[in-house]
file model-v5.json (JSON, C-alpha atoms and all ligand atoms)
[["chain", "number", "residue", "atom", "x", "y", "z"],
["K", 858, "MET", "CA", 0.00, 0.00, 0.00],
["K", 859, "ASP", "CA", 1.10, 3.52, -0.81],
["K", 860, "ARG", "CA", 2.88, 5.20, 2.14],
["K", 861, "VAL", "CA", 0.61, 8.27, 2.10],
["K", 862, "VAL", "CA", -2.52, 6.12, 1.95],
["K", 863, "GLN", "CA", -1.14, 4.17, 4.92],
["K", 864, "ARG", "CA", -0.62, 7.42, 6.85],
["K", 865, "VAL", "CA", -4.21, 8.52, 6.33],
["K", 866, "ARG", "CA", -5.43, 5.05, 7.23],
["K", 867, "GLU", "CA", -3.54, 5.11, 10.53],
["K", 868, "ARG", "CA", -4.85, 8.55, 11.30],
["K", 869, "LEU", "CA", -8.46, 7.57, 10.63],
["K", 870, "ALA", "CA", -8.11, 4.41, 12.72],
["K", 871, "GLN", "CA", -7.37, 6.63, 15.76],
["K", 872, "ALA", "CA", -9.80, 9.43, 14.94],
["K", 873, "ARG", "CA", -12.51, 10.48, 17.38],
["K", 874, "LYS", "CA", -14.07, 13.08, 15.11],
["K", 875, "VAL", "CA", -14.18, 13.20, 11.31],
["K", 876, "LEU", "CA", -15.84, 15.56, 8.85],
["K", 877, "VAL", "CA", -16.36, 14.43, 5.26],
["K", 878, "ILE", "CA", -17.11, 17.07, 2.62],
["K", 879, "SER", "CA", -18.39, 15.31, -0.48],
["K", 880, "GLY", "CA", -19.13, 16.54, -3.99],
["K", 881, "ALA", "CA", -20.28, 15.20, -7.32],
["K", 882, "GLY", "CA", -17.04, 13.24, -7.86],
["K", 883, "ILE", "CA", -17.94, 10.71, -5.15],
["K", 884, "SER", "CA", -20.95, 9.69, -7.25],
["K", 885, "ALA", "CA", -19.08, 9.66, -10.57],
["K", 886, "GLU", "CA", -18.27, 5.96, -10.24],
["K", 887, "SER", "CA", -21.98, 5.28, -9.72],
["K", 888, "GLY", "CA", -22.56, 6.71, -13.19],
["K", 889, "VAL", "CA", -23.79, 10.14, -12.03],
["K", 890, "PRO", "CA", -22.33, 12.90, -14.22],
["K", 891, "THR", "CA", -20.38, 15.60, -12.36],
["K", 892, "PHE", "CA", -21.49, 19.22, -12.73],
["K", 893, "ARG", "CA", -18.32, 20.81, -13.99],
["K", 894, "GLY", "CA", -15.21, 19.53, -15.71],
["K", 895, "ALA", "CA", -15.22, 17.41, -18.86],
["K", 896, "GLY", "CA", -18.77, 16.44, -19.80],
["K", 897, "GLY", "CA", -20.07, 18.35, -16.75],
["K", 898, "VAL", "CA", -23.77, 19.09, -16.67],
["K", 899, "TRP", "CA", -23.41, 22.80, -15.89],
["K", 900, "ASN", "CA", -21.12, 23.49, -18.83],
["K", 901, "ASN", "CA", -24.36, 24.13, -20.66],
["K", 902, "LYS", "CA", -25.58, 27.74, -20.11],
["K", 903, "ASP", "CA", -29.22, 26.83, -20.79],
["K", 904, "LEU", "CA", -29.14, 24.40, -17.93],
["K", 905, "MET", "CA", -27.77, 27.03, -15.55],
["K", 906, "ARG", "CA", -30.74, 29.19, -16.50],
["K", 907, "LEU", "CA", -33.13, 26.30, -16.02],
["K", 908, "ALA", "CA", -31.85, 25.63, -12.49],
["K", 909, "SER", "CA", -32.60, 29.14, -11.29],
["K", 910, "PRO", "CA", -35.77, 30.75, -9.84],
["K", 911, "GLU", "CA", -36.14, 32.88, -12.99],
["K", 912, "GLY", "CA", -35.72, 29.91, -15.32],
["K", 913, "PHE", "CA", -38.32, 27.93, -13.38],
["K", 914, "ALA", "CA", -40.81, 30.83, -13.36],
["K", 915, "GLU", "CA", -40.32, 31.28, -17.10],
["K", 916, "ASP", "CA", -41.15, 27.70, -17.98],
["K", 917, "PRO", "CA", -41.87, 25.25, -15.12],
["K", 918, "ALA", "CA", -42.64, 22.39, -17.53],
["K", 919, "ARG", "CA", -39.23, 22.76, -19.20],
["K", 920, "ALA", "CA", -37.45, 22.77, -15.84],
["K", 921, "TRP", "CA", -39.43, 19.78, -14.59],
["K", 922, "THR", "CA", -38.84, 17.84, -17.82],
["K", 923, "TRP", "CA", -35.12, 18.22, -17.22],
["K", 924, "TYR", "CA", -35.42, 17.22, -13.54],
["K", 925, "ASP", "CA", -37.59, 14.24, -14.50],
["K", 926, "GLY", "CA", -34.83, 13.09, -16.86],
["K", 927, "ARG", "CA", -32.21, 13.52, -14.16],
["K", 928, "ARG", "CA", -34.33, 11.66, -11.61],
["K", 929, "ARG", "CA", -34.80, 8.78, -14.09],
["K", 930, "GLN", "CA", -31.06, 8.64, -14.60],
["K", 931, "LEU", "CA", -30.37, 8.69, -10.83],
["K", 932, "ALA", "CA", -33.02, 6.05, -10.16],
["K", 933, "GLY", "CA", -30.78, 3.61, -12.02],
["K", 934, "CYS", "CA", -27.65, 4.47, -9.98],
["K", 935, "VAL", "CA", -26.47, 2.63, -6.90],
["K", 936, "PRO", "CA", -23.85, 3.54, -4.26],
["K", 937, "ASN", "CA", -20.24, 2.68, -5.12],
["K", 938, "PRO", "CA", -17.34, 1.52, -2.89],
["K", 939, "ALA", "CA", -16.62, 5.14, -1.87],
["K", 940, "HIS", "CA", -20.10, 5.60, -0.40],
["K", 941, "ARG", "CA", -19.85, 2.21, 1.29],
["K", 942, "ALA", "CA", -16.44, 2.97, 2.81],
["K", 943, "LEU", "CA", -17.95, 6.03, 4.50],
["K", 944, "VAL", "CA", -20.62, 3.83, 6.07],
["K", 945, "ASP", "CA", -17.81, 1.72, 7.57],
["K", 946, "LEU", "CA", -15.97, 4.83, 8.73],
["K", 947, "GLU", "CA", -19.08, 6.18, 10.46],
["K", 948, "ARG", "CA", -19.33, 2.92, 12.43],
["K", 949, "CYS", "CA", -15.78, 3.36, 13.79],
["K", 950, "VAL", "CA", -15.64, 7.09, 14.49],
["K", 951, "PRO", "CA", -17.69, 8.29, 17.48],
["K", 952, "ASP", "CA", -18.29, 11.79, 16.14],
["K", 953, "PHE", "CA", -18.88, 11.80, 12.41],
["K", 954, "LEU", "CA", -20.56, 13.99, 9.81],
["K", 955, "ILE", "CA", -20.89, 14.08, 6.03],
["K", 956, "ALA", "CA", -21.58, 17.53, 4.58],
["K", 957, "THR", "CA", -22.60, 16.78, 1.01],
["K", 958, "GLN", "CA", -23.26, 19.02, -1.96],
["K", 959, "ASN", "CA", -24.85, 16.09, -3.76],
["K", 960, "VAL", "CA", -28.58, 15.95, -4.28],
["K", 961, "ASP", "CA", -28.65, 12.26, -5.25],
["K", 962, "GLN", "CA", -29.04, 10.74, -1.74],
["K", 963, "LEU", "CA", -26.57, 7.97, -2.58],
["K", 964, "HIS", "CA", -24.96, 8.41, 0.86],
["K", 965, "GLU", "CA", -28.31, 7.48, 2.44],
["K", 966, "ALA", "CA", -28.81, 4.65, -0.02],
["K", 967, "ALA", "CA", -25.46, 3.21, 1.09],
["K", 968, "GLY", "CA", -26.48, 3.42, 4.75],
["K", 969, "SER", "CA", -24.77, 6.58, 6.02],
["K", 970, "ARG", "CA", -26.74, 8.28, 8.78],
["K", 971, "ALA", "CA", -25.08, 11.54, 9.81],
["K", 972, "ILE", "CA", -25.51, 13.65, 6.68],
["K", 973, "GLU", "CA", -26.16, 17.32, 6.07],
["K", 974, "HIS", "CA", -27.44, 18.31, 2.64],
["K", 975, "VAL", "CA", -26.02, 21.66, 1.66],
["K", 976, "HIS", "CA", -27.82, 21.82, -1.69],
["K", 977, "GLY", "CA", -30.99, 19.87, -0.91],
["K", 978, "SER", "CA", -32.24, 16.67, -2.51],
["K", 979, "ILE", "CA", -33.57, 15.95, -5.97],
["K", 980, "TRP", "CA", -35.99, 13.42, -4.46],
["K", 981, "ASN", "CA", -37.75, 16.04, -2.32],
["K", 982, "VAL", "CA", -40.21, 18.73, -3.39],
["K", 983, "ARG", "CA", -41.67, 21.91, -1.92],
["K", 984, "CYS", "CA", -44.87, 23.80, -2.74],
["K", 985, "THR", "CA", -44.31, 27.17, -4.45],
["K", 986, "ALA", "CA", -47.31, 28.87, -2.77],
["K", 987, "ALA", "CA", -46.18, 30.78, 0.34],
["K", 988, "ARG", "CA", -49.63, 30.27, 1.98],
["K", 989, "CYS", "CA", -49.30, 26.47, 1.76],
["K", 990, "PRO", "CA", -47.76, 24.58, 4.72],
["K", 991, "ARG", "CA", -45.95, 22.36, 2.19],
["K", 992, "SER", "CA", -43.94, 25.39, 1.08],
["K", 993, "ARG", "CA", -42.12, 25.39, 4.42],
["K", 994, "GLY", "CA", -41.11, 21.75, 4.70],
["K", 995, "GLU", "CA", -39.85, 19.25, 2.17],
["K", 996, "THR", "CA", -41.82, 16.22, 1.04],
["K", 997, "TYR", "CA", -40.21, 13.01, -0.22],
["K", 998, "TYR", "CA", -41.51, 12.52, -3.76],
["K", 999, "PRO", "CA", -39.81, 9.55, -5.38],
["K", 1000, "ALA", "CA", -42.18, 8.99, -8.37],
["K", 1001, "VAL", "CA", -40.19, 8.10, -11.49],
["K", 1002, "PRO", "CA", -41.27, 9.09, -14.07],
["K", 1003, "LEU", "CA", -43.32, 11.99, -12.72],
["K", 1004, "PRO", "CA", -47.09, 11.38, -13.00],
["K", 1005, "GLU", "CA", -47.59, 14.90, -14.40],
["K", 1006, "ILE", "CA", -45.31, 17.65, -15.65],
["K", 1007, "PRO", "CA", -45.15, 20.06, -13.98],
["K", 1008, "PRO", "CA", -46.26, 18.27, -10.80],
["K", 1009, "ARG", "CA", -48.74, 20.06, -8.53],
["K", 1010, "CYS", "CA", -49.28, 20.22, -4.78],
["K", 1011, "ALA", "CA", -52.59, 19.10, -3.24],
["K", 1012, "CYS", "CA", -53.36, 22.86, -2.88],
["K", 1013, "GLY", "CA", -53.19, 23.26, -6.67],
["K", 1014, "ALA", "CA", -49.97, 25.32, -6.83],
["K", 1015, "LEU", "CA", -46.82, 24.16, -8.59],
["K", 1016, "LEU", "CA", -44.32, 21.96, -6.82],
["K", 1017, "ARG", "CA", -40.61, 22.65, -7.20],
["K", 1018, "PRO", "CA", -37.58, 20.46, -6.59],
["K", 1019, "ALA", "CA", -36.17, 20.96, -3.07],
["K", 1020, "VAL", "CA", -32.72, 21.72, -4.41],
["K", 1021, "VAL", "CA", -30.77, 24.94, -4.10],
["K", 1022, "TRP", "CA", -30.79, 26.77, -7.41],
["K", 1023, "PHE", "CA", -28.29, 29.28, -8.73],
["K", 1024, "GLY", "CA", -28.84, 32.60, -7.00],
["K", 1025, "GLU", "CA", -30.67, 31.09, -4.01],
["K", 1026, "ILE", "CA", -29.77, 31.23, -0.35],
["K", 1027, "LEU", "CA", -28.54, 28.00, 1.25],
["K", 1028, "PRO", "CA", -30.79, 26.28, 3.81],
["K", 1029, "ALA", "CA", -29.88, 27.74, 7.23],
["K", 1030, "GLU", "CA", -30.27, 24.68, 9.44],
["K", 1031, "PRO", "CA", -27.80, 22.33, 7.75],
["K", 1032, "LEU", "CA", -25.26, 25.16, 7.65],
["K", 1033, "GLU", "CA", -25.68, 25.83, 11.36],
["K", 1034, "ARG", "CA", -25.28, 22.16, 12.21],
["K", 1035, "ILE", "CA", -22.12, 21.85, 10.09],
["K", 1036, "ASP", "CA", -20.67, 24.99, 11.69],
["K", 1037, "ARG", "CA", -21.52, 23.71, 15.18],
["K", 1038, "PHE", "CA", -19.94, 20.33, 14.41],
["K", 1039, "ILE", "CA", -16.68, 22.00, 13.38],
["K", 1040, "ARG", "CA", -16.55, 24.39, 16.34],
["K", 1041, "SER", "CA", -17.62, 22.00, 19.10],
["K", 1042, "GLY", "CA", -14.38, 20.14, 19.75],
["K", 1043, "ALA", "CA", -11.49, 19.63, 17.38],
["K", 1044, "VAL", "CA", -12.05, 17.57, 14.26],
["K", 1045, "ASP", "CA", -9.20, 15.03, 13.74],
["K", 1046, "SER", "CA", -9.50, 14.83, 9.98],
["K", 1047, "VAL", "CA", -11.45, 16.47, 7.19],
["K", 1048, "LEU", "CA", -11.84, 14.39, 4.04],
["K", 1049, "ALA", "CA", -12.70, 16.54, 1.01],
["K", 1050, "VAL", "CA", -13.83, 14.00, -1.56],
["K", 1051, "GLY", "CA", -14.80, 14.60, -5.19],
["K", 1052, "THR", "CA", -15.43, 18.31, -4.94],
["K", 1053, "MET", "CA", -13.89, 21.12, -6.97],
["K", 1054, "ALA", "CA", -14.54, 23.31, -3.89],
["K", 1055, "VAL", "CA", -15.73, 26.22, -6.02],
["K", 1056, "PHE", "CA", -18.16, 27.44, -3.37],
["K", 1057, "PRO", "CA", -16.60, 29.69, -0.72],
["K", 1058, "TYR", "CA", -18.47, 28.04, 2.16],
["K", 1059, "ILE", "CA", -16.97, 24.66, 1.26],
["K", 1060, "VAL", "CA", -13.46, 26.08, 1.41],
["K", 1061, "ALA", "CA", -14.31, 27.98, 4.60],
["K", 1062, "TRP", "CA", -15.46, 24.84, 6.46],
["K", 1063, "ALA", "CA", -12.37, 22.90, 5.44],
["K", 1064, "LEU", "CA", -10.02, 25.70, 6.45],
["K", 1065, "LEU", "CA", -11.82, 26.44, 9.72],
["K", 1066, "ALA", "CA", -11.59, 22.79, 10.79],
["K", 1067, "GLN", "CA", -7.94, 22.75, 9.75],
["K", 1068, "ARG", "CA", -7.21, 25.91, 11.75],
["K", 1069, "LEU", "CA", -8.83, 24.25, 14.77],
["K", 1070, "GLY", "CA", -6.49, 21.28, 14.45],
["K", 1071, "ALA", "CA", -7.79, 18.97, 11.71],
["K", 1072, "CYS", "CA", -5.64, 17.29, 9.10],
["K", 1073, "LEU", "CA", -7.10, 18.25, 5.73],
["K", 1074, "VAL", "CA", -7.06, 15.33, 3.30],
["K", 1075, "GLU", "CA", -8.18, 15.78, -0.27],
["K", 1076, "ILE", "CA", -9.25, 12.82, -2.42],
["K", 1077, "ASN", "CA", -9.60, 13.79, -6.08],
["K", 1078, "PRO", "CA", -7.96, 12.79, -9.38],
["K", 1079, "GLU", "CA", -7.58, 16.50, -10.30],
["K", 1080, "PRO", "CA", -6.33, 19.59, -8.48],
["K", 1081, "THR", "CA", -9.03, 21.81, -6.97],
["K", 1082, "ASP", "CA", -9.39, 25.18, -5.21],
["K", 1083, "LEU", "CA", -8.58, 23.37, -1.97],
["K", 1084, "SER", "CA", -5.49, 21.48, -3.14],
["K", 1085, "HIS", "CA", -2.99, 24.17, -2.14],
["K", 1086, "ALA", "CA", -4.28, 24.10, 1.44],
["K", 1087, "ALA", "CA", -4.52, 20.31, 1.82],
["K", 1088, "ASP", "CA", -2.14, 18.66, 4.30],
["K", 1089, "ILE", "CA", -2.38, 15.45, 2.29],
["K", 1090, "ARG", "CA", -3.51, 15.01, -1.29],
["K", 1091, "LEU", "CA", -4.57, 11.55, -2.41],
["K", 1092, "ILE", "CA", -4.69, 11.75, -6.17],
["K", 1093, "GLY", "CA", -7.08, 9.23, -7.65],
["K", 1094, "LYS", "CA", -10.63, 7.95, -7.63],
["K", 1095, "ALA", "CA", -12.72, 7.96, -4.47],
["K", 1096, "GLY", "CA", -13.92, 4.41, -5.17],
["K", 1097, "ASP", "CA", -10.32, 3.17, -5.11],
["K", 1098, "LEU", "CA", -8.90, 5.35, -2.35],
["K", 1099, "LEU", "CA", -11.65, 5.59, 0.26],
["K", 1100, "PRO", "CA", -11.92, 1.82, 0.85],
["K", 1101, "GLN", "CA", -8.12, 1.78, 1.28],
["K", 1102, "VAL", "CA", -7.92, 4.61, 3.81],
["K", 1103, "VAL", "CA", -10.91, 3.32, 5.74],
["K", 1104, "GLY", "CA", -9.69, -0.27, 5.65],
["K", 1105, "SER", "CA", -13.14, -1.42, 4.57],
["K", 1106, "ALA", "CA", -13.94, -5.08, 4.75],
["K", 1107, "ALA", "CA", -14.80, -4.74, 1.08],
["K", 1108, "ASP", "CA", -11.26, -3.60, 0.26],
["K", 1109, "PRO", "CA", -9.52, -6.52, -1.46],
["K", 1110, "ARG", "CA", -6.00, -5.09, -0.84],
["D", 1, "LIG", "P1", -18.10, 19.34, -9.53],
["D", 1, "LIG", "O1", -18.85, 18.65, -10.61],
["D", 1, "LIG", "O2", -17.92, 20.80, -9.61],
["D", 1, "LIG", "O3", -16.66, 18.67, -9.38],
["D", 1, "LIG", "C1", -16.49, 17.29, -9.39],
["D", 1, "LIG", "C2", -15.15, 16.96, -8.80],
["D", 1, "LIG", "O4", -15.06, 15.56, -8.65],
["D", 1, "LIG", "C3", -13.96, 17.38, -9.66],
["D", 1, "LIG", "O5", -12.99, 18.00, -8.85],
["D", 1, "LIG", "C4", -13.44, 16.06, -10.23],
["D", 1, "LIG", "O6", -12.05, 16.07, -10.44],
["D", 1, "LIG", "C5", -13.81, 15.12, -9.11],
["D", 1, "LIG", "N1", -13.94, 13.71, -9.50],
["D", 1, "LIG", "C6", -14.37, 13.19, -10.69],
["D", 1, "LIG", "N2", -14.39, 11.86, -10.63],
["D", 1, "LIG", "C7", -13.97, 11.51, -9.38],
["D", 1, "LIG", "C8", -13.79, 10.27, -8.71],
["D", 1, "LIG", "N3", -14.04, 9.11, -9.30],
["D", 1, "LIG", "N4", -13.35, 10.31, -7.42],
["D", 1, "LIG", "C9", -13.09, 11.48, -6.80],
["D", 1, "LIG", "N5", -13.24, 12.67, -7.39],
["D", 1, "LIG", "C10", -13.69, 12.69, -8.66],
["D", 1, "LIG", "O7", -18.81, 18.92, -8.20],
["D", 1, "LIG", "P2", -19.00, 19.70, -6.86],
["D", 1, "LIG", "O8", -17.74, 20.27, -6.35],
["D", 1, "LIG", "O9", -19.81, 18.80, -6.01],
["D", 1, "LIG", "O10", -19.90, 20.90, -7.38],
["D", 1, "LIG", "C11", -20.85, 21.26, -6.64],
["D", 1, "LIG", "C12", -22.21, 21.21, -7.36],
["D", 1, "LIG", "O11", -22.49, 20.00, -8.02],
["D", 1, "LIG", "C13", -23.24, 21.30, -6.35],
["D", 1, "LIG", "O12", -24.17, 22.26, -6.72],
["D", 1, "LIG", "C14", -23.90, 19.94, -6.28],
["D", 1, "LIG", "O13", -25.15, 20.10, -5.72],
["D", 1, "LIG", "C15", -23.81, 19.55, -7.65],
["D", 1, "LIG", "N6", -23.92, 18.18, -8.16],
["D", 1, "LIG", "C16", -24.47, 17.14, -7.51],
["D", 1, "LIG", "C17", -24.48, 15.88, -8.10],
["D", 1, "LIG", "C18", -25.06, 14.72, -7.38],
["D", 1, "LIG", "O14", -25.95, 14.86, -6.59],
["D", 1, "LIG", "N7", -24.49, 13.53, -7.61],
["D", 1, "LIG", "C19", -23.94, 15.69, -9.36],
["D", 1, "LIG", "C20", -23.40, 16.78, -10.01],
["D", 1, "LIG", "C21", -23.37, 17.99, -9.38],
["D", 2, "ZN", "ZN", -49.27, 23.63, -1.73]]
call {"tool": "encode", "arguments": {"input": "model-v5.json", "output": "structure tokens"}}
result
Amino acid sequence: MDRVVQRVRERLAQARKVLVISGAGISAESGVPTFRGAGGVWNNKDLMRLASPEGFAEDPARAWTWYDGRRRQLAGCVPNPAHRALVDLERCVPDFLIATQNVDQLHEAAGSRAIEHVHGSIWNVRCTAARCPRSRGETYYPAVPLPEIPPRCACGALLRPAVVWFGEILPAEPLERIDRFIRSGAVDSVLAVGTMAVFPYIVAWALLAQRLGACLVEINPEPTDLSHAADIRLIGKAGDLLPQVVGSAADPR
């Protein structure tokens, strides 16, 4: 085993508190396209428009047709060894949290429990009418394909995907819980996995935990906005590297 991988593995074996920051790259090996980079979904300007409050208001059916297609695609995806390794890690580390930017819920599907969704979930919906109680909470809505496009709430108003669109404010509660996790007792290690770290809050969490004593480990085949700050860079695929650093039972090495 690689010496650096071994070092991270030893560190994690002793860890009392671990924060994982995951991005689209952790789901790449499940067949979920990443958002940026080669073949990235958001390289297309029309799609950036579509995933915005203005784009939705302009043409809800167009937006929902796209989300229906994405939900169909995700319905055929299953967790990969990277997701599963994090389930094993959560079992061994007393204080553990995954802060994910992914909307696919593959961490849950694998069996992870302590997860904060920074950008919502594609499987949840919210009512768009402010007067409706279903506009305040999220409802699990797994129907694939959608029974109607655009789907409507029982109150008659349009439903929208419970994901954070471009130009929207992040959900406050997950952010508070992530911040509290980082500040309430030193994190041993932060694993930044499969994220380009283009959002300032992602970088801020990683650096704050590092300043408070955490070892910042990046797992990614490519350099990112966080690479220069990482204490350890593991260059490669999450599905190969995470089982190795966790020492998962599933790891054949
Ligand atoms: P991104 O698409 O911007 O970056 C993906 C990163 O993953 C890149 O750095 C790439 O090098 C890396 N990567 C690719 N294959 C990998 C692998 N096998 N192992 C490890 N790393 C790999 O993703 P991001 O940083 O998460 O961007 C954030 C935005 O993407 C968010 O808005 C998020 O909600 C959204 N998103 C979610 C999903 C999903 O739910 N699966 C998919 C695409 C994008
Ligand atoms: Zn409603």
call {"tool": "closest_residue", "arguments": {"input": "model-v5.json", "among": "K:Ile1092, K:Arg860, K:Pro951, K:Lys874", "to": "K:Cys1072", "atoms": "only C-alpha atoms"}}
result
K:Lys874
call {"tool": "residues_around", "arguments": {"input": "model-v5.json", "residues": "K:His940", "least_positions_apart": "2", "cutoff": "9 Å", "atoms": "all atoms listed in the file", "output": "ChimeraX atom specification"}}
result
/K:883-884,936-938,942-944,963-969,1095-1096,1099
call {"tool": "residues_around", "arguments": {"input": "model-v5.json", "residues": "K:Ser879", "least_positions_apart": "3", "cutoff": "9 Å", "atoms": "all atoms listed in the file", "output": "number ranges by chain"}}
result
K: 882-883, 955-959, 1048-1052
call {"tool": "residues_around", "arguments": {"input": "model-v5.json", "residues": "K:Glu1075", "least_positions_apart": "4", "cutoff": "12 Å", "atoms": "all atoms listed in the file", "output": "PyMOL selection string"}}
result
chain K and resi 861-862+865+876-880+882+1046-1054+1060+1063+1079-1095+1098-1099+1102
call {"tool": "closest_residue", "arguments": {"input": "model-v5.json", "among": "K:Val982, K:Leu946, K:Ile1035, K:Cys1012", "to": "K:Gln871", "atoms": "only C-alpha atoms"}}
result
K:Leu946
call {"tool": "closest_atom_pairs", "arguments": {"input": "model-v5.json", "of": "chain K", "to": "ligand ZN 2 (chain D)", "cutoff": "9 Å", "atoms": "only C-alpha atoms and all ligand atoms", "output": "JSON lines"}}
result
{"residue": "K:Arg983", "atom": "CA", "partner": "D:ZN2", "partner_atom": "ZN", "distance": 7.8}
{"residue": "K:Cys984", "atom": "CA", "partner": "D:ZN2", "partner_atom": "ZN", "distance": 4.5}
{"residue": "K:Thr985", "atom": "CA", "partner": "D:ZN2", "partner_atom": "ZN", "distance": 6.7}
{"residue": "K:Ala986", "atom": "CA", "partner": "D:ZN2", "partner_atom": "ZN", "distance": 5.7}
{"residue": "K:Ala987", "atom": "CA", "partner": "D:ZN2", "partner_atom": "ZN", "distance": 8.1}
{"residue": "K:Arg988", "atom": "CA", "partner": "D:ZN2", "partner_atom": "ZN", "distance": 7.6}
{"residue": "K:Cys989", "atom": "CA", "partner": "D:ZN2", "partner_atom": "ZN", "distance": 4.5}
{"residue": "K:Pro990", "atom": "CA", "partner": "D:ZN2", "partner_atom": "ZN", "distance": 6.7}
{"residue": "K:Arg991", "atom": "CA", "partner": "D:ZN2", "partner_atom": "ZN", "distance": 5.3}
{"residue": "K:Ser992", "atom": "CA", "partner": "D:ZN2", "partner_atom": "ZN", "distance": 6.3}
{"residue": "K:Arg1009", "atom": "CA", "partner": "D:ZN2", "partner_atom": "ZN", "distance": 7.7}
{"residue": "K:Cys1010", "atom": "CA", "partner": "D:ZN2", "partner_atom": "ZN", "distance": 4.6}
{"residue": "K:Ala1011", "atom": "CA", "partner": "D:ZN2", "partner_atom": "ZN", "distance": 5.8}
{"residue": "K:Cys1012", "atom": "CA", "partner": "D:ZN2", "partner_atom": "ZN", "distance": 4.3}
{"residue": "K:Gly1013", "atom": "CA", "partner": "D:ZN2", "partner_atom": "ZN", "distance": 6.3}
{"residue": "K:Ala1014", "atom": "CA", "partner": "D:ZN2", "partner_atom": "ZN", "distance": 5.4}
{"residue": "K:Leu1015", "atom": "CA", "partner": "D:ZN2", "partner_atom": "ZN", "distance": 7.3}
{"residue": "K:Leu1016", "atom": "CA", "partner": "D:ZN2", "partner_atom": "ZN", "distance": 7.3}
call {"tool": "atom_distance", "arguments": {"input": "model-v5.json", "atom1": "atom C17 of ligand LIG 1 (chain D)", "atom2": "atom CA of K:Arg941"}}
result
17.2 Å
call {"tool": "atom_distance", "arguments": {"input": "model-v5.json", "atom1": "atom CA of K:Arg1068", "atom2": "atom CA of K:Ser1041"}}
result
13.3 Å
call {"tool": "build_atoms", "arguments": {"input": "model-v5.json", "residues": "stretch 914-918 of chain K", "atoms": "all heavy atoms", "output": "JSON list (two decimals), in the frame of the given file"}}
result
[["chain", "number", "residue", "atom", "x", "y", "z"],
["K", 914, "ALA", "N", -39.61, 29.99, -13.19],
["K", 914, "ALA", "CA", -40.81, 30.83, -13.36],
["K", 914, "ALA", "C", -41.16, 30.99, -14.84],
["K", 914, "ALA", "O", -42.33, 31.01, -15.21],
["K", 914, "ALA", "CB", -40.59, 32.19, -12.70],
["K", 915, "GLU", "N", -40.15, 31.09, -15.67],
["K", 915, "GLU", "CA", -40.32, 31.28, -17.10],
["K", 915, "GLU", "C", -41.04, 30.09, -17.74],
["K", 915, "GLU", "O", -41.92, 30.25, -18.56],
["K", 915, "GLU", "CB", -38.92, 31.38, -17.69],
["K", 915, "GLU", "CG", -38.74, 32.18, -18.93],
["K", 915, "GLU", "CD", -37.23, 32.33, -19.15],
["K", 915, "GLU", "OE1", -36.58, 31.39, -19.67],
["K", 915, "GLU", "OE2", -36.69, 33.36, -18.74],
["K", 916, "ASP", "N", -40.61, 28.89, -17.34],
["K", 916, "ASP", "CA", -41.15, 27.70, -17.98],
["K", 916, "ASP", "C", -41.01, 26.49, -17.04],
["K", 916, "ASP", "O", -40.08, 25.69, -17.16],
["K", 916, "ASP", "CB", -40.41, 27.45, -19.30],
["K", 916, "ASP", "CG", -41.11, 26.42, -20.17],
["K", 916, "ASP", "OD1", -41.97, 25.67, -19.64],
["K", 916, "ASP", "OD2", -40.80, 26.34, -21.37],
["K", 917, "PRO", "N", -41.97, 26.34, -16.10],
["K", 917, "PRO", "CA", -41.87, 25.25, -15.12],
["K", 917, "PRO", "C", -41.84, 23.87, -15.77],
["K", 917, "PRO", "O", -41.14, 22.97, -15.31],
["K", 917, "PRO", "CB", -43.12, 25.40, -14.26],
["K", 917, "PRO", "CG", -43.63, 26.77, -14.51],
["K", 917, "PRO", "CD", -43.15, 27.20, -15.85],
["K", 918, "ALA", "N", -42.59, 23.71, -16.88],
["K", 918, "ALA", "CA", -42.64, 22.39, -17.53],
["K", 918, "ALA", "C", -41.26, 22.03, -18.09],
["K", 918, "ALA", "O", -40.81, 20.88, -17.99],
["K", 918, "ALA", "CB", -43.69, 22.37, -18.63]]
